[in-house]
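Visitor: Take a look at this one; I'll ask things after.
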Amino acid sequence: MQAKAKVKLSRSLGIALTPKAAKYMERRPYPPGQHGRGRKKESDYKNQLVEKQRLRAQYNISERQLRNAYAEAVRKPGKTGEVLVGLLESRLDAFVLRAGFARTIYQARQFVNHGHFTVNGRKVDIASYRLKAGDFVQVRKKSRETTPFQLAAAGAWAGEQTPAYIEAHLEGLIARFLSVPERKQIPVICDEQLVVEYYSK
């Protein structure tokens, strides 16, 4: 997805998907298009659809991937919406982003697909790979000297605070997935209950 398209999507969903989009949205905090500044009456369906699209966009996943994750969440104990977000947050690409190894979810997906990481010492190049509690994720030896990972080791992409379910050692380019997080720990902007309502019809 091109940078302009990411900015437009960010504005339409009301969430910044990239640092560039965040800067743009500070200047223009309204949806794109000539009617972007007008007030619109939203239907329940529209609200549910928007929340579903927001969740999809923040994890950069397809409709099919989200639907499959929802189907899995339904089968598990607990509140379906919270379980769903926990499952998505357990993806390898999401972990790479949260640990501070990548600047955006798009870059995280690319890094994983290009085979830059190992999980518990074994190379994994599948972005949707589901981490389990205690798993170690590390940048592969031959990738560590490249500019993106040198920046990561220096803390260039780390958030102000690493989520509590991740133990990251950026200088060593290694991090540990401590546990599947609770919803309140996950830095995702979404009313997951509306997503559940969307899919449960």
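Note on naming: chains are A, B, ... as they come in the structure tokens, residues start from 1 per chain, ligands start from 1 in the order shown.
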From a DSSP pass on the backbone, collect the residues of segment 5-200 of chain A flagged as alpha helix (DSSP H) and hand them back as a ChimeraX atom specification.
Guide: /A:5-13,19-27,44-59,63-75,80-89,92-99,105-113,147-153,192-199
Visitor: Name the residues in contact with Ala156 of chain A at a cut-off of 10 Å, using only C-alpha atoms, excluding same-chain residues fewer than 6 positions from it; report them as a ChimeraX atom specification.
Guide: /A:100-103,148-150,170
Visitor: If I take atom CA of Gly172 of chain A and atom CA of Trp157 of chain A, how far is one from the other in Å, to one decimal?
Guide: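 Computing the Euclidean distance for atom CA of Gly172 of chain A and atom CA of Trp157 of chain A yields 14.6 Å.
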Visitor: Atom CA of Thr146 of chain A and atom CA of Ala99 of chain A are how many Å apart?
Guide: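 Computing it gives 17.8 Å between the two atoms.
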Visitor: Calculated over only C-alpha atoms, which of the candidates A:Leu88, A:Leu49, A:Ile166, A:Val83 has the smallest distance to Leu66 of chain A?
Guide: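 Closest to Leu66 of chain A, using only C-alpha atoms: A:Leu88.
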Visitor: Tell me which of A:Val137, A:Leu151, A:Ile61, A:Leu97 sits closest to Arg122 of chain A, counting only C-alpha atoms.
Guide: A:Val137
Visitor: Please report the interatomic distance between atom CA of Cys190 of chain A and atom CA of Arg54 of chain A in Å with one decimal.
Guide: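 That distance, rounded to one decimal, is 6.6 Å.
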Visitor: Can you pull out the residues contacting Asn47 of chain A? Cut-off 10 Å, using only C-alpha atoms, and skip same-chain residues under 4 positions away; I want them as a PyMOL selection string.
Guide: chain A and resi 42-43+51-53+191+194-195+198
Visitor: Residues of the last selection are to be written out with N, CA and C atoms, as a short mmCIF file (atom, residue, chain, number, x, y, z; two decimals), in the first residue's frame.
Guide:
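The resulting file, selection32.cif, is shown below:
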```
data_model
loop_
_atom_site.label_atom_id
_atom_site.label_comp_id
_atom_site.auth_asym_id
_atom_site.auth_seq_id
_atom_site.Cartn_x
_atom_site.Cartn_y
_atom_site.Cartn_z
N GLU A 42 -24.75 8.07 11.69
CA GLU A 42 -24.21 6.73 11.45
C GLU A 42 -25.20 5.65 11.88
N SER A 43 -25.37 4.64 11.08
CA SER A 43 -26.22 3.52 11.45
C SER A 43 -25.42 2.54 12.30
N GLU A 51 -15.59 -0.31 12.83
CA GLU A 51 -14.74 -0.91 13.86
C GLU A 51 -14.04 -2.16 13.33
N LYS A 52 -14.75 -2.93 12.53
CA LYS A 52 -14.13 -4.12 11.93
C LYS A 52 -12.97 -3.72 11.02
N GLN A 53 -13.18 -2.67 10.23
CA GLN A 53 -12.13 -2.19 9.32
C GLN A 53 -10.96 -1.60 10.10
N ASP A 191 -13.42 -0.83 19.32
CA ASP A 191 -14.48 -1.36 20.18
C ASP A 191 -14.77 -2.76 19.64
N LEU A 194 -18.26 -4.30 18.93
CA LEU A 194 -18.96 -4.00 17.66
C LEU A 194 -18.50 -4.94 16.55
N VAL A 195 -17.25 -5.37 16.63
CA VAL A 195 -16.74 -6.34 15.64
C VAL A 195 -17.46 -7.67 15.82
N TYR A 198 -20.86 -7.42 14.41
CA TYR A 198 -20.80 -7.45 12.94
C TYR A 198 -20.78 -8.90 12.44
#
```
Visitor: DSSP on the backbone: what in chain A comes out strand (DSSP E), as a VMD selection string?
Guide: chain A and resid 117 to 119 122 to 123 136 to 139 166 to 169 174 to 177
Visitor: Can you tell me which residues surround Val96 of chain A at a distance of at most 9 Å, considering only C-alpha atoms, apart from same-chain residues fewer than 6 positions away, and format the answer as a PDB file with N, CA and C atoms, in the first residue's frame?
Guide:
```pdb
ATOM      1  N   ALA A 102      10.370  -2.929  14.516  1.00  0.00           N
ATOM      2  CA  ALA A 102       9.888  -2.341  13.266  1.00  0.00           C
ATOM      3  C   ALA A 102       9.147  -1.046  13.569  1.00  0.00           C
ATOM      4  N   ILE A 105       3.356  -1.652  11.255  1.00  0.00           N
ATOM      5  CA  ILE A 105       2.917  -3.034  11.059  1.00  0.00           C
ATOM      6  C   ILE A 105       3.260  -3.508   9.649  1.00  0.00           C
ATOM      7  N   ALA A 108       6.858  -4.463   9.770  1.00  0.00           N
ATOM      8  CA  ALA A 108       6.983  -5.695  10.556  1.00  0.00           C
ATOM      9  C   ALA A 108       6.635  -6.913   9.707  1.00  0.00           C
ATOM     10  N   ARG A 109       5.548  -6.802   8.946  1.00  0.00           N
ATOM     11  CA  ARG A 109       5.142  -7.906   8.059  1.00  0.00           C
ATOM     12  C   ARG A 109       6.243  -8.209   7.046  1.00  0.00           C
ATOM     13  N   PHE A 111       9.491  -7.538   7.250  1.00  0.00           N
ATOM     14  CA  PHE A 111      10.671  -8.119   7.897  1.00  0.00           C
ATOM     15  C   PHE A 111      10.482  -9.609   8.162  1.00  0.00           C
ATOM     16  N   VAL A 112       9.302  -9.981   8.652  1.00  0.00           N
ATOM     17  CA  VAL A 112       9.032 -11.386   8.937  1.00  0.00           C
ATOM     18  C   VAL A 112       9.032 -12.197   7.642  1.00  0.00           C
ATOM     19  N   VAL A 137      11.841 -14.428  20.450  1.00  0.00           N
ATOM     20  CA  VAL A 137      11.949 -13.972  19.058  1.00  0.00           C
ATOM     21  C   VAL A 137      13.239 -13.172  18.939  1.00  0.00           C
ATOM     22  N   ALA A 175      13.614 -10.630  22.047  1.00  0.00           N
ATOM     23  CA  ALA A 175      12.476 -10.313  22.919  1.00  0.00           C
ATOM     24  C   ALA A 175      11.716 -11.591  23.231  1.00  0.00           C
TER      25      ALA A 175
END
```
Visitor: Counting only C-alpha atoms, which residue out of A:Gly86, A:Gly81, A:Pro181, A:Gly155 sits closest to His169 of chain A?
Guide: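 So, comparing all the options, the nearest one is A:Gly155.
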Visitor: Name the closest residue to Lys184 of chain A among the candidates A:Phe95, A:Phe136, A:Tyr59, A:Tyr165; distances are taken between atoms, counting only C-alpha atoms.
Guide: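 Looking at the shortest contact to Lys184 of chain A, the residue is A:Tyr165.
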Visitor: Residues near Asp125 of chain A, anyone? I mean within 9 Å using only C-alpha atoms, not counting same-chain ones fewer than 3 positions away, as a list of chain:residue names.
Guide: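 Residues near the query, excluding close chain neighbours: A:Phe111, A:Val112, A:Asn113, A:His114, A:Gly115, A:His116, A:Phe117, A:Thr118, A:Tyr129.
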Visitor: Give me a file of those residues, with N, CA and C atoms, as a PDB file, in the first residue's frame.
Guide:
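Output saved as again.pdb:
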```
ATOM      1  N   PHE A 111       9.491  -7.538   7.250  1.00  0.00           N
ATOM      2  CA  PHE A 111      10.671  -8.119   7.897  1.00  0.00           C
ATOM      3  C   PHE A 111      10.482  -9.609   8.162  1.00  0.00           C
ATOM      4  N   VAL A 112       9.302  -9.981   8.652  1.00  0.00           N
ATOM      5  CA  VAL A 112       9.032 -11.386   8.937  1.00  0.00           C
ATOM      6  C   VAL A 112       9.032 -12.197   7.642  1.00  0.00           C
ATOM      7  N   ASN A 113       8.325 -11.687   6.619  1.00  0.00           N
ATOM      8  CA  ASN A 113       8.244 -12.407   5.348  1.00  0.00           C
ATOM      9  C   ASN A 113       9.604 -12.604   4.696  1.00  0.00           C
ATOM     10  N   HIS A 114      10.520 -11.680   4.954  1.00  0.00           N
ATOM     11  CA  HIS A 114      11.864 -11.774   4.370  1.00  0.00           C
ATOM     12  C   HIS A 114      12.803 -12.649   5.199  1.00  0.00           C
ATOM     13  N   GLY A 115      12.266 -13.256   6.245  1.00  0.00           N
ATOM     14  CA  GLY A 115      13.037 -14.243   6.997  1.00  0.00           C
ATOM     15  C   GLY A 115      14.083 -13.687   7.939  1.00  0.00           C
ATOM     16  N   HIS A 116      13.828 -12.516   8.522  1.00  0.00           N
ATOM     17  CA  HIS A 116      14.823 -11.896   9.397  1.00  0.00           C
ATOM     18  C   HIS A 116      14.753 -12.374  10.839  1.00  0.00           C
ATOM     19  N   PHE A 117      13.767 -13.228  11.169  1.00  0.00           N
ATOM     20  CA  PHE A 117      13.571 -13.603  12.583  1.00  0.00           C
ATOM     21  C   PHE A 117      13.609 -15.114  12.819  1.00  0.00           C
ATOM     22  N   THR A 118      13.980 -15.436  14.046  1.00  0.00           N
ATOM     23  CA  THR A 118      13.858 -16.817  14.519  1.00  0.00           C
ATOM     24  C   THR A 118      12.925 -16.814  15.724  1.00  0.00           C
ATOM     25  N   TYR A 129       2.207 -16.390  12.140  1.00  0.00           N
ATOM     26  CA  TYR A 129       2.647 -17.398  13.107  1.00  0.00           C
ATOM     27  C   TYR A 129       2.214 -16.982  14.508  1.00  0.00           C
TER      28      TYR A 129
END
```
Visitor: Between A:Asn120, A:Asn68, A:Ser90, A:Thr104, single out the one closest to Lys132 of chain A, counting only C-alpha atoms.
Guide: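 Ranked by minimum distance to Lys132 of chain A, first place goes to A:Ser90.
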